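Colleague: Sharing entry-v8.cif here; it has mmCIF, C-alpha atoms.
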data_structure
#
loop_
_atom_site.label_atom_id
_atom_site.label_comp_id
_atom_site.auth_asym_id
_atom_site.auth_seq_id
_atom_site.Cartn_x
_atom_site.Cartn_y
_atom_site.Cartn_z
CA MET Z 1 0.00 0.00 0.00
CA SER Z 2 1.48 3.35 -1.00
CA ARG Z 3 1.77 6.40 1.23
CA ARG Z 4 -0.92 8.14 -0.75
CA GLU Z 5 -3.24 5.17 -0.28
CA ARG Z 6 -2.55 4.99 3.42
CA ARG Z 7 -3.23 8.71 3.77
CA GLY Z 8 -6.64 8.23 2.27
CA ILE Z 9 -7.80 5.70 4.83
CA LEU Z 10 -8.58 8.18 7.57
CA GLU Z 11 -9.92 11.65 7.01
CA ARG Z 12 -7.22 14.34 7.10
CA PRO Z 13 -8.79 17.10 9.16
CA VAL Z 14 -7.90 20.68 8.29
CA MET Z 15 -7.68 23.34 10.96
CA ARG Z 16 -9.51 26.63 10.71
CA LYS Z 17 -7.50 29.13 8.72
CA SER Z 18 -8.39 31.96 11.10
CA PHE Z 19 -7.12 29.96 14.07
CA ARG Z 20 -3.93 29.09 12.25
CA THR Z 21 -3.25 32.73 11.42
CA GLU Z 22 -4.14 33.98 14.87
CA LEU Z 23 -1.93 31.36 16.56
CA ARG Z 24 0.98 32.20 14.28
CA SER Z 25 0.73 35.85 15.16
CA ARG Z 26 0.53 35.08 18.88
CA LEU Z 27 3.51 32.72 18.71
CA LEU Z 28 5.73 35.18 16.89
CA SER Z 29 4.91 37.90 19.42
CA GLU Z 30 5.79 35.51 22.19
CA ALA Z 31 8.93 34.39 20.33
CA ALA Z 32 10.21 37.96 20.24
CA VAL Z 33 10.26 37.87 24.05
CA VAL Z 34 11.13 34.22 24.73
CA LEU Z 35 13.91 33.96 22.16
CA ALA Z 36 15.40 37.40 22.80
CA PRO Z 37 19.08 37.17 23.80
CA ARG Z 38 19.48 37.43 27.55
CA PRO Z 39 22.36 39.10 29.38
CA ARG Z 40 24.86 36.49 30.42
CA ARG Z 41 25.00 35.73 34.08
CA PHE Z 42 28.36 36.04 35.75
CA VAL Z 43 29.87 32.61 36.04
CA PRO Z 44 33.16 32.52 37.88
CA SER Z 45 35.85 31.03 35.73
CA TRP Z 46 37.88 28.00 36.70
CA THR Z 47 40.90 30.25 37.05
CA ILE Z 48 39.18 32.07 39.90
CA LEU Z 49 37.46 29.03 41.34
CA ARG Z 50 40.51 26.81 41.55
CA PRO Z 51 42.51 28.81 44.12
CA ALA Z 52 39.34 29.56 46.09
CA LEU Z 53 38.47 25.88 46.21
CA ALA Z 54 42.03 25.02 47.21
CA VAL Z 55 41.92 27.53 50.09
CA ALA Z 56 38.52 26.23 51.19
CA ALA Z 57 39.76 22.63 51.08
CA LEU Z 58 42.87 23.55 53.04
CA ALA Z 59 40.77 25.39 55.65
CA LEU Z 60 38.53 22.34 55.95
CA VAL Z 61 41.47 20.03 56.40
CA VAL Z 62 43.01 22.31 59.03
CA ALA Z 63 39.68 22.71 60.85
CA TRP Z 64 39.03 18.98 60.73
CA GLY Z 65 42.54 18.17 61.87
CA THR Z 66 42.41 20.71 64.70
CA THR Z 67 39.04 19.43 65.90
CA SER Z 68 40.20 15.83 65.73
CA ALA Z 69 43.41 16.58 67.54
CA ALA Z 70 41.58 18.67 70.13
CA ALA Z 71 39.15 15.84 70.81
CA VAL Z 72 41.92 13.64 72.14
CA SER Z 73 43.91 16.39 73.83
CA LEU Z 74 44.59 16.31 77.58
CA PRO Z 75 44.69 19.08 80.17
CA GLY Z 76 47.84 21.17 79.82
CA GLU Z 77 48.11 20.60 76.07
CA PRO Z 78 47.78 23.51 73.62
CA LEU Z 79 44.63 22.20 71.86
CA TYR Z 80 42.81 21.48 75.09
CA ALA Z 81 41.36 25.02 75.08
CA VAL Z 82 39.75 24.30 71.68
CA LYS Z 83 38.13 21.20 73.11
CA ARG Z 84 36.76 23.07 76.11
CA ALA Z 85 35.51 25.95 73.97
CA SER Z 86 33.61 23.48 71.80
CA GLU Z 87 32.05 21.93 74.90
CA ASP Z 88 31.07 25.35 76.24
CA VAL Z 89 29.27 26.12 72.97
CA GLN Z 90 27.45 22.81 73.18
CA LEU Z 91 26.48 23.54 76.77
CA THR Z 92 25.27 27.03 75.92
CA LEU Z 93 23.02 25.64 73.21
CA THR Z 94 21.42 23.03 75.48
CA PHE Z 95 18.33 24.63 76.98
CA ASP Z 96 16.42 21.69 78.42
CA ASP Z 97 17.45 21.29 82.07
CA VAL Z 98 17.42 17.48 82.04
CA ALA Z 99 19.45 17.37 78.82
CA ARG Z 100 21.81 19.93 80.27
CA MET Z 101 22.29 17.84 83.41
CA GLN Z 102 22.97 14.77 81.26
CA LEU Z 103 25.49 16.70 79.18
CA LEU Z 104 27.23 17.89 82.34
CA ALA Z 105 27.37 14.26 83.48
CA GLU Z 106 29.02 13.34 80.17
CA LEU Z 107 31.52 16.14 80.57
CA ALA Z 108 32.35 15.04 84.11
CA ASP Z 109 32.89 11.52 82.76
CA ARG Z 110 35.14 12.97 80.08
CA ARG Z 111 37.20 14.90 82.66
CA LEU Z 112 37.51 11.73 84.70
CA ASP Z 113 38.76 9.86 81.65
CA GLU Z 114 41.25 12.65 80.99
CA LEU Z 115 42.40 12.49 84.58
CA ALA Z 116 42.96 8.74 84.26
CA ARG Z 117 44.89 9.14 80.98
CA THR Z 118 46.89 12.07 82.36
CA ALA Z 119 47.86 10.04 85.41
CA GLU Z 120 49.15 7.36 83.08
CA GLN Z 121 50.74 9.42 80.27
CA GLN Z 122 51.63 12.81 81.76
CA PRO Z 123 51.69 12.58 85.57
CA SER Z 124 53.09 16.10 85.78
CA ASN Z 125 49.79 17.46 84.43
CA ALA Z 126 47.71 15.47 86.93
CA PRO Z 127 47.02 18.48 89.20
CA THR Z 128 45.55 20.41 86.26
CA ALA Z 129 43.47 17.41 85.21
CA THR Z 130 42.26 17.00 88.80
CA THR Z 131 41.17 20.62 88.89
CA GLU Z 132 39.35 20.24 85.58
CA TYR Z 133 37.58 17.17 86.90
CA ALA Z 134 36.61 18.84 90.18
CA ASP Z 135 35.26 21.82 88.27
CA ALA Z 136 33.18 19.55 86.02
CA VAL Z 137 31.78 17.61 88.98
CA THR Z 138 30.82 20.87 90.69
CA LYS Z 139 28.85 22.03 87.66
CA PHE Z 140 27.22 18.64 87.33
CA THR Z 141 26.23 18.40 90.98
CA ASN Z 142 24.82 21.93 90.92
CA ALA Z 143 22.65 20.92 87.96
CA VAL Z 144 21.55 17.79 89.82
CA ASP Z 145 20.66 19.83 92.88
CA GLU Z 146 18.55 22.20 90.83
CA LEU Z 147 16.66 19.28 89.32
CA ARG Z 148 16.09 17.74 92.73
CA ASP Z 149 14.08 20.87 93.55
CA ALA Z 150 12.06 20.59 90.34
CA ASP Z 151 8.27 20.35 90.49
CA SER Z 152 8.22 17.44 88.10
CA GLU Z 153 8.72 14.05 89.69
CA ASP Z 154 10.12 12.76 86.40
CA LYS Z 155 12.86 15.36 86.52
CA ARG Z 156 13.67 14.58 90.14
CA ASN Z 157 13.89 10.88 89.35
CA ALA Z 158 16.07 11.52 86.30
CA ALA Z 159 18.44 13.64 88.36
CA GLN Z 160 18.71 10.99 91.04
CA ALA Z 161 19.31 8.20 88.54
CA VAL Z 162 22.07 10.07 86.74
CA ALA Z 163 23.69 11.15 90.03
CA ASP Z 164 23.69 7.60 91.38
CA ALA Z 165 25.20 6.17 88.23
CA ALA Z 166 27.88 8.87 88.10
CA ARG Z 167 28.74 8.42 91.76
CA GLU Z 168 29.40 4.70 91.43
CA LYS Z 169 31.46 5.12 88.29
CA HIS Z 170 33.52 8.04 89.54
CA LEU Z 171 34.36 6.33 92.82
CA ALA Z 172 35.63 3.26 90.99
CA VAL Z 173 37.80 5.27 88.60
CA LEU Z 174 39.19 7.61 91.23
CA ASP Z 175 40.06 4.67 93.41
CA ALA Z 176 41.89 3.04 90.53
CA ILE Z 177 44.00 6.05 89.58
CA LYS Z 178 44.88 7.55 92.93
CA ASP Z 179 48.03 5.44 93.27
CA ARG Z 180 49.26 6.43 89.82
CA VAL Z 181 49.29 10.21 90.33
CA PRO Z 182 52.16 12.14 91.92
CA GLU Z 183 52.21 12.40 95.65
CA THR Z 184 51.18 16.05 95.52
CA THR Z 185 47.93 15.21 93.76
CA ARG Z 186 47.09 12.02 95.61
CA SER Z 187 45.65 13.86 98.61
CA GLU Z 188 43.33 15.80 96.29
CA ILE Z 189 42.11 12.57 94.75
CA ASP Z 190 41.49 11.23 98.24
CA SER Z 191 39.45 14.31 99.01
CA LEU Z 192 37.44 13.86 95.83
CA ILE Z 193 36.77 10.24 96.78
CA ASP Z 194 35.72 11.37 100.20
CA ASP Z 195 33.37 13.92 98.72
CA GLU Z 196 31.86 11.40 96.35
CA GLN Z 197 31.29 8.97 99.18
CA GLN Z 198 29.64 11.64 101.30
CA GLY Z 199 27.77 13.21 98.44
CA ILE Z 200 29.49 16.58 98.68
CA ALA Z 201 30.61 18.81 95.83
CA PRO Z 202 34.38 19.26 95.47
CA SER Z 203 34.18 22.99 94.79
CA GLU Z 204 35.38 24.04 98.20
CA HIS Z 205 38.82 22.47 98.03
CA ALA Z 206 39.53 21.73 94.37
CA ASN Z 207 41.13 24.62 92.55
CA PRO Z 208 39.22 26.61 89.99
CA ARG Z 209 40.54 26.18 86.49
CA GLY Z 210 43.51 28.38 85.65
CA ARG Z 211 44.72 28.77 89.19
CA GLU Z 212 47.78 27.25 90.63
CA THR Z 213 47.26 23.96 92.43
CA PRO Z 214 47.65 24.55 96.13
CA HIS Z 215 49.94 22.62 98.33
CA PRO Z 216 48.58 19.18 99.16
CA GLU Z 217 48.27 20.10 102.81
CA ALA Z 218 46.02 22.96 101.96
CA SER Z 219 43.38 20.61 100.58
CA THR Z 220 42.94 19.00 103.92
CA ALA Z 221 41.57 22.20 105.42
CA PRO Z 222 37.95 21.94 106.57
CA ARG Z 223 35.30 22.99 104.12
CA ALA Z 224 33.67 26.31 104.91
CA THR Z 225 30.32 25.81 103.25
CA PRO Z 226 29.94 22.31 101.99
CA ARG Z 227 27.28 21.75 99.36
CA ALA Z 228 25.39 18.54 99.13
CA THR Z 229 25.49 16.93 95.72
CA LEU Z 230 25.68 13.47 94.24
CA ARG Z 231 24.48 12.27 97.60
CA PRO Z 232 23.13 8.74 97.73
CA ALA Z 233 19.43 8.29 97.07
CA GLY Z 234 17.28 9.01 100.08
CA THR Z 235 19.84 11.05 101.98
CA PRO Z 236 18.66 14.50 103.10
CA ARG Z 237 19.99 17.65 101.53
CA PRO Z 238 22.49 19.48 103.81
CA SER Z 239 21.11 22.60 105.37
CA GLY Z 240 24.03 24.76 104.29
CA HIS Z 241 22.99 24.57 100.66
CA ASP Z 242 20.52 27.42 100.79
CA MET V 243 16.25 -3.42 8.70
CA PRO V 244 18.00 -6.10 10.76
CA PRO V 245 16.31 -6.71 14.11
CA ASN V 246 19.15 -5.38 16.24
CA SER V 247 20.28 -2.44 14.15
CA GLN V 248 19.88 1.09 15.44
CA PRO V 249 16.98 3.02 13.93
CA SER V 250 17.97 5.59 11.35
CA PRO V 251 17.22 9.26 12.04
CA PRO V 252 13.59 10.15 11.41
CA VAL V 253 12.93 11.78 8.09
CA SER V 254 9.83 13.78 7.37
CA PRO V 255 7.90 12.66 4.30
CA ASP V 256 9.16 15.54 2.16
CA GLY V 257 12.78 14.93 3.19
CA THR V 258 13.36 18.23 4.94
CA THR V 259 15.17 16.91 8.01
CA ASP V 260 18.39 18.88 7.50
CA GLU V 261 16.59 22.05 6.64
CA ASP V 262 14.36 21.67 9.70
CA ALA V 263 17.38 21.29 11.95
CA VAL V 264 18.97 24.44 10.50
CA LEU V 265 15.76 26.40 11.01
CA ALA V 266 15.37 25.05 14.55
CA VAL V 267 18.91 26.01 15.50
CA ARG V 268 18.39 29.49 14.08
CA ALA V 269 15.12 29.78 15.98
CA GLY V 270 16.84 28.71 19.17
CA LYS V 271 19.28 31.58 18.71
CA GLY V 272 16.47 34.12 18.47
CA ASP V 273 15.43 34.03 14.82
CA THR V 274 11.66 34.38 15.09
CA ALA V 275 11.24 34.11 11.31
CA ALA V 276 12.84 30.65 11.44
CA PHE V 277 10.39 29.61 14.11
CA GLY V 278 7.57 30.96 11.95
CA ALA V 279 8.78 28.84 9.04
CA LEU V 280 8.75 25.71 11.16
CA TYR V 281 5.27 26.59 12.36
CA ASP V 282 4.03 26.97 8.79
CA ARG V 283 5.61 23.68 7.84
CA TYR V 284 4.24 21.53 10.65
CA VAL V 285 1.21 23.15 12.25
CA GLU V 286 -1.21 21.09 10.13
CA ALA V 287 0.62 17.85 10.90
CA VAL V 288 0.44 18.59 14.61
CA TYR V 289 -3.25 19.42 14.28
CA ARG V 290 -3.94 16.11 12.55
CA TYR V 291 -1.85 14.30 15.15
CA VAL V 292 -3.88 15.63 18.08
CA TYR V 293 -7.24 15.73 16.28
CA TYR V 294 -7.97 12.03 16.73
CA ARG V 295 -6.85 12.02 20.32
CA VAL V 296 -9.34 14.52 21.69
CA HIS V 297 -13.08 14.85 21.57
CA SER V 298 -13.57 18.17 19.83
CA ASP V 299 -12.04 20.54 17.29
CA THR V 300 -11.73 23.15 20.01
CA ASP V 301 -9.70 20.78 22.16
CA ALA V 302 -7.48 20.00 19.17
CA GLU V 303 -6.86 23.71 18.61
CA ASP V 304 -6.04 24.22 22.29
CA LEU V 305 -3.55 21.39 22.09
CA VAL V 306 -1.91 22.75 18.94
CA SER V 307 -1.48 26.06 20.69
CA ASP V 308 -0.01 24.32 23.73
CA VAL V 309 2.37 22.24 21.62
CA PHE V 310 3.83 25.22 19.78
CA MET V 311 4.10 27.28 22.96
CA ARG V 312 6.07 24.44 24.53
CA ALA V 313 8.19 24.11 21.41
CA LEU V 314 8.91 27.83 21.47
CA ARG V 315 10.18 27.68 25.05
CA ALA V 316 12.17 24.48 24.45
CA ILE V 317 13.72 25.30 21.10
CA PRO V 318 16.85 26.97 22.52
CA ARG V 319 17.68 23.50 23.91
CA TYR V 320 16.89 21.61 20.69
CA GLU V 321 19.66 19.22 19.60
CA PRO V 322 20.03 18.83 15.82
CA ARG V 323 20.97 15.16 16.29
CA GLN V 324 17.26 14.49 16.62
CA ALA V 325 14.93 15.08 13.68
CA PHE V 326 12.84 18.16 14.32
CA LEU V 327 9.57 16.43 13.49
CA ALA V 328 10.25 13.60 15.95
CA TRP V 329 11.10 16.25 18.58
CA LEU V 330 7.87 18.09 17.81
CA TYR V 331 5.78 14.92 17.96
CA ARG V 332 7.28 14.12 21.33
CA ILE V 333 6.19 17.51 22.63
CA ALA V 334 2.73 16.88 21.18
CA ARG V 335 2.58 13.45 22.79
CA ASN V 336 3.45 14.92 26.20
CA ALA V 337 0.94 17.71 25.75
CA VAL V 338 -1.81 15.19 25.00
CA ILE V 339 -0.88 13.11 28.05
CA ASP V 340 -0.75 16.16 30.30
CA ARG V 341 -4.10 17.33 29.06
CA ALA V 342 -5.64 13.92 29.68
CA ARG V 343 -4.29 14.02 33.23
CA ARG V 344 -5.67 17.48 33.81
CA THR V 345 -9.13 16.79 32.49
CA ARG V 346 -9.15 13.26 33.89
CA ILE V 347 -11.14 11.93 30.98
CA GLN V 348 -12.49 8.61 32.03
CA ILE V 349 -14.55 6.41 29.78
CA SER V 350 -16.84 4.32 31.92
CA PHE V 351 -17.60 0.69 31.29
CA GLU V 352 -21.24 1.65 30.78
CA ASP V 353 -20.26 4.11 28.07
CA ALA V 354 -18.31 1.40 26.31
CA LEU V 355 -21.26 -0.98 26.40
CA ALA V 356 -23.59 1.72 25.12
CA HIS V 357 -21.41 2.31 22.09
CA PRO V 358 -23.11 0.87 19.01
CA GLY V 359 -21.57 -2.29 17.67
CA VAL V 360 -19.20 -2.87 20.52
CA ASP V 361 -19.95 -6.59 20.45
CA GLN V 362 -19.89 -6.95 16.70
CA ILE V 363 -16.93 -8.36 14.82
CA VAL V 364 -16.14 -6.68 11.53
CA GLU V 365 -13.81 -7.36 8.64
CA PRO V 366 -10.21 -7.58 9.80
CA ASP V 367 -8.76 -4.90 7.53
CA ALA V 368 -7.98 -1.24 7.84
CA GLY V 369 -10.78 -0.50 5.34
CA LEU V 370 -13.24 -0.27 8.18
CA LEU V 371 -11.65 3.05 9.13
CA ALA V 372 -12.52 4.43 5.73
CA LEU V 373 -16.01 3.01 5.73
CA ALA V 374 -17.14 4.22 9.14
CA ASP V 375 -18.34 7.75 9.68
CA LYS V 376 -15.93 10.42 10.88
CA GLU V 377 -17.28 10.87 14.42
CA THR V 378 -17.47 7.13 15.06
CA VAL V 379 -13.85 6.67 14.01
CA ARG V 380 -12.73 9.60 16.06
CA ALA V 381 -14.56 8.34 19.15
CA ALA V 382 -13.13 4.85 18.65
CA ILE V 383 -9.55 6.11 18.25
CA ALA V 384 -9.93 8.19 21.37
CA ARG V 385 -10.45 4.93 23.29
CA LEU V 386 -7.13 3.43 22.24
CA THR V 387 -4.02 3.71 24.36
CA PRO V 388 -1.94 6.83 23.70
CA LEU V 389 0.68 4.86 21.76
CA GLN V 390 -1.94 3.04 19.69
CA GLN V 391 -3.58 6.37 18.87
CA GLU V 392 -0.25 7.76 17.83
CA VAL V 393 0.58 4.86 15.55
CA ILE V 394 -2.86 4.82 13.93
CA VAL V 395 -2.79 8.54 13.21
CA LEU V 396 0.77 8.49 11.89
CA ARG V 397 -0.06 5.52 9.72
CA PHE V 398 -3.52 6.27 8.40
CA VAL V 399 -3.62 10.06 8.54
CA GLU V 400 -0.06 11.02 7.82
CA GLY V 401 0.66 7.96 5.68
CA TYR V 402 4.04 7.14 7.22
CA SER V 403 5.58 3.71 6.70
CA THR V 404 6.12 1.41 9.67
CA SER V 405 9.83 2.20 9.52
CA GLU V 406 9.22 5.95 9.64
CA ILE V 407 6.77 5.56 12.53
CA ALA V 408 9.33 3.48 14.40
CA ASN V 409 11.78 6.34 14.07
CA LEU V 410 9.23 8.96 15.08
CA VAL V 411 8.05 7.20 18.22
CA GLY V 412 11.42 5.72 19.14
CA LYS V 413 10.35 2.04 18.91
CA ARG V 414 11.44 -0.90 16.79
CA GLU V 415 9.54 -1.70 13.63
CA GLY V 416 8.30 -5.01 15.04
CA THR V 417 6.97 -3.22 18.10
CA VAL V 418 5.16 -0.69 15.94
CA ARG V 419 3.60 -3.48 13.86
CA GLY V 420 2.38 -5.13 17.06
CA ILE V 421 0.93 -1.86 18.35
CA GLN V 422 -0.78 -1.27 15.02
CA PHE V 423 -2.19 -4.81 14.97
CA ARG V 424 -3.64 -4.53 18.47
CA ALA V 425 -5.00 -1.05 17.74
CA LEU V 426 -6.84 -2.33 14.63
CA GLU V 427 -8.19 -5.29 16.59
CA MET V 428 -9.55 -2.89 19.17
CA LEU V 429 -11.03 -0.64 16.52
CA ARG V 430 -12.79 -3.63 14.97
CA THR V 431 -14.65 -4.13 18.21
CA LEU V 432 -15.51 -0.45 18.52
CA ILE V 433 -16.49 0.43 14.97
CA PRO V 434 -19.53 -1.31 13.52
CA SER V 435 -19.24 -2.70 10.01
CA ARG V 436 -21.36 -1.24 7.28
CA GLU V 437 -23.22 -4.52 7.03
CA ALA V 438 -23.93 -4.60 10.75
CA LEU V 439 -25.36 -1.09 10.64
CA ALA V 440 -27.52 -1.81 7.60
#
The structure in this file should be written as structure tokens.

Modeller:
Amino acid sequence: MSRRERRGILERPVMRKSFRTELRSRLLSEAAVVLAPRPRRFVPSWTILRPALAVAALALVVAWGTTSAAAVSLPGEPLYAVKRASEDVQLTLTFDDVARMQLLAELADRRLDELARTAEQQPSNAPTATTEYADAVTKFTNAVDELRDADSEDKRNAAQAVADAAREKHLAVLDAIKDRVPETTRSEIDSLIDDEQQGIAPSEHANPRGRETPHPEASTAPRATPRATLRPAGTPRPSGHD
Amino acid sequence: MPPNSQPSPPVSPDGTTDEDAVLAVRAGKGDTAAFGALYDRYVEAVYRYVYYRVHSDTDAEDLVSDVFMRALRAIPRYEPRQAFLAWLYRIARNAVIDRARRTRIQISFEDALAHPGVDQIVEPDAGLLALADKETVRAAIARLTPLQQEVIVLRFVEGYSTSEIANLVGKREGTVRGIQFRALEMLRTLIPSREALA
């Protein structure tokens, strides 16, 4: 069957001439706008992009390397400040009081781990690590105390559970490391153990961060205003807290 | 053509593939006169292509308008490797499908049963298309699948060979023959024979 024959099988409809003309006119008007050359957008050339990308990549590598190195740094090392700054940012951005208490518990655990590693690897930095740990425990126990006064029973229970778990763990670790630290720091560790056992915050005799570690004998001085924290479940809150 | 060979580039019946591509490239670069020339060359073919796939002349005109508007916006991205007519038919095919989705044309089972001669078997040749009246054929074609409609219109309205249709719709010749066969079978059940109507 030829093409002509096939074409004849079905009717070949013809469109209205007026429509065809009107559509053509409309299309060409539209074409004048749609097909008009457009100003070229600025596209940065590879010559410009390449150094910029190289700088960005280098910055990323440096930032990643610094962060990674800081994560494993110990008290007294140069990158330790970076690690602490990062933790402070994280703490500032944690608004829920239970989450904040849990984060402070993690940080206290981290300081304890640092103290253990410092005692093993860099005993000379043990006093600094002890101070960092005491500072972290103080913040944690303050957060626990605040939650113990919370209206919500759930919050009170959460605080107690975290405090109990931390207390057990910290006592075990402190007990294990106290013989590995220098003599000058050992008495401080003993005091921390004593505080943990009695449920008292170490803030009164551990040194604030950045200050010189006092003589071991100084840490044996009686506490002026002991604060009750991390106390075992069911024990009453000391009256001196308020 | 051997079964596994690649299809050759589509060629319009009057052999203007190269010229079409040149005009399309010029149009894509802002030559409105070139676009006008392509419109003049193919507007009727597009109209015939969509005519049997919709229910009214008005719908067909709306679709033609839609197809050329889409072509106008897409032509700066046209690649001359593809025959212009195949490119234009693809736009038309998509426009028809989009329109069907928008209007959600559904033919109910009851409608199909009510159609005269639906249960009557007629002569198994394409002559039935010529013998039936225009509206009956159009209504029957509208009930085919989109690809069957396309093949029937390209074959029996435009007069393309199976090979040319295969190139235009991007299928193998054997596939097109199968589509055409099933489409004609379906039309035989939808279009009453002259004897049956007598």

Colleague: So which residues get picked by the PyMOL selection byres ((chain Z and resi 166-177) around 9) here, written as a PyMOL selection string?

Modeller: chain Z and resi 105+108-109+112-113+115-116+119-120+161-165+178-181+189-190+192-193+196-197+199+230-232

Colleague: May I ask which of the residues Z:Ser45, Z:Ser29, Z:Gln160, Z:Thr94 is the closest one to chain V, counting only C-alpha atoms?

Modeller: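 Closest to chain V of all the choices is Z:Ser29.
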
Colleague: Which residue is closest to chain Z? Choose from V:Val296, V:Ile433, V:Ala302, V:Val418 and count only C-alpha atoms.

Modeller: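 Ranking V:Val296, V:Ile433, V:Ala302, V:Val418 by distance to chain Z, first place goes to V:Ala302.
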
Colleague: In Å, how far is it from atom CA of Leu10 of chain Z to atom CA of Arg380 of chain V?

Modeller: 9.6 Å

Colleague: Would you write out, as a list in words, every residue that the PyMOL selection byres ((chain Z and resi 77-90) around 10) captures in this file?

Modeller: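 Evaluating the PyMOL selection byres ((chain Z and resi 77-90) around 10) on this file yields Thr66, Thr67, Ser68, Ala69, Ala70, Ala71, Val72, Ser73, Leu74, Pro75, Gly76, Leu91, Thr92, Leu93, Thr94, Arg100, Leu103, Leu104, Leu107 and Asn125 of chain Z.
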
Colleague: Please report, as JSON, the centre and edge lengths in Å to one decimal of an axis-aligned box covering all listed atoms of segment 382-389 of chain V with 8 Å per side.

Modeller:
{"center_x": -6.2, "center_y": 5.8, "center_z": 21.3, "size_x": 29.8, "size_y": 20.8, "size_z": 22.1}

Colleague: Output as a list in words the set of chain Z residues within 7 Å of chain V, with distances taken over only C-alpha atoms.

Modeller: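 Therefore, the residues near the partner are Arg3, Arg4, Arg6, Arg7, Ile9, Leu10, Glu11, Arg12, Pro13, Val14, Met15, Leu23, Leu27, Leu28, Ala31, Ala32, Val34, Leu35, Ala36 and Pro37 of chain Z.
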
Colleague: Filtering to C-alpha atoms, could you give me those residues as a CSV table (one decimal), in the coordinates of the input?

Modeller:
chain,number,residue,atom,x,y,z
Z,3,ARG,CA,1.8,6.4,1.2
Z,4,ARG,CA,-0.9,8.1,-0.8
Z,6,ARG,CA,-2.6,5.0,3.4
Z,7,ARG,CA,-3.2,8.7,3.8
Z,9,ILE,CA,-7.8,5.7,4.8
Z,10,LEU,CA,-8.6,8.2,7.6
Z,11,GLU,CA,-9.9,11.6,7.0
Z,12,ARG,CA,-7.2,14.3,7.1
Z,13,PRO,CA,-8.8,17.1,9.2
Z,14,VAL,CA,-7.9,20.7,8.3
Z,15,MET,CA,-7.7,23.3,11.0
Z,23,LEU,CA,-1.9,31.4,16.6
Z,27,LEU,CA,3.5,32.7,18.7
Z,28,LEU,CA,5.7,35.2,16.9
Z,31,ALA,CA,8.9,34.4,20.3
Z,32,ALA,CA,10.2,38.0,20.2
Z,34,VAL,CA,11.1,34.2,24.7
Z,35,LEU,CA,13.9,34.0,22.2
Z,36,ALA,CA,15.4,37.4,22.8
Z,37,PRO,CA,19.1,37.2,23.8

Colleague: Please write as an mmCIF file with C-alpha atoms, in the coordinates of the input the full residue list that the PyMOL selection byres ((chain V and resi 411) around 9) yields on this file.

Modeller:
data_model
loop_
_atom_site.group_PDB
_atom_site.id
_atom_site.type_symbol
_atom_site.label_atom_id
_atom_site.label_comp_id
_atom_site.auth_asym_id
_atom_site.auth_seq_id
_atom_site.Cartn_x
_atom_site.Cartn_y
_atom_site.Cartn_z
ATOM 1 C CA ALA V 328 10.250 13.600 15.950
ATOM 2 C CA TYR V 331 5.780 14.920 17.960
ATOM 3 C CA ARG V 332 7.280 14.120 21.330
ATOM 4 C CA LEU V 389 0.680 4.860 21.760
ATOM 5 C CA GLU V 392 -0.250 7.760 17.830
ATOM 6 C CA VAL V 393 0.580 4.860 15.550
ATOM 7 C CA GLU V 406 9.220 5.950 9.640
ATOM 8 C CA ILE V 407 6.770 5.560 12.530
ATOM 9 C CA ALA V 408 9.330 3.480 14.400
ATOM 10 C CA ASN V 409 11.780 6.340 14.070
ATOM 11 C CA LEU V 410 9.230 8.960 15.080
ATOM 12 C CA GLY V 412 11.420 5.720 19.140
ATOM 13 C CA LYS V 413 10.350 2.040 18.910
ATOM 14 C CA ARG V 414 11.440 -0.900 16.790
ATOM 15 C CA VAL V 418 5.160 -0.690 15.940
#

Colleague: Can you measure atom CA of Thr131 of chain Z to atom CA of Gly65 of chain Z for me? One decimal in Å is fine.

Modeller: 27.2 Å

Colleague: Atom CA of Arg385 of chain V and atom CA of Ile333 of chain V are how many Å apart?

Modeller: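 Between atom CA of Arg385 of chain V and atom CA of Ile333 of chain V the gap works out to 20.9 Å.
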
Colleague: Counting all atoms listed in the file, which residues come within 9 Å of (14.0, 23.9, 16.9), with the point read in the file's coordinates, and could you list them as JSON, numbers by chain?

Modeller: {"V": [262, 263, 264, 265, 266, 267, 268, 269, 270, 276, 277, 280, 313, 314, 316, 317, 318, 319, 320, 321, 322, 326, 329, 330]}
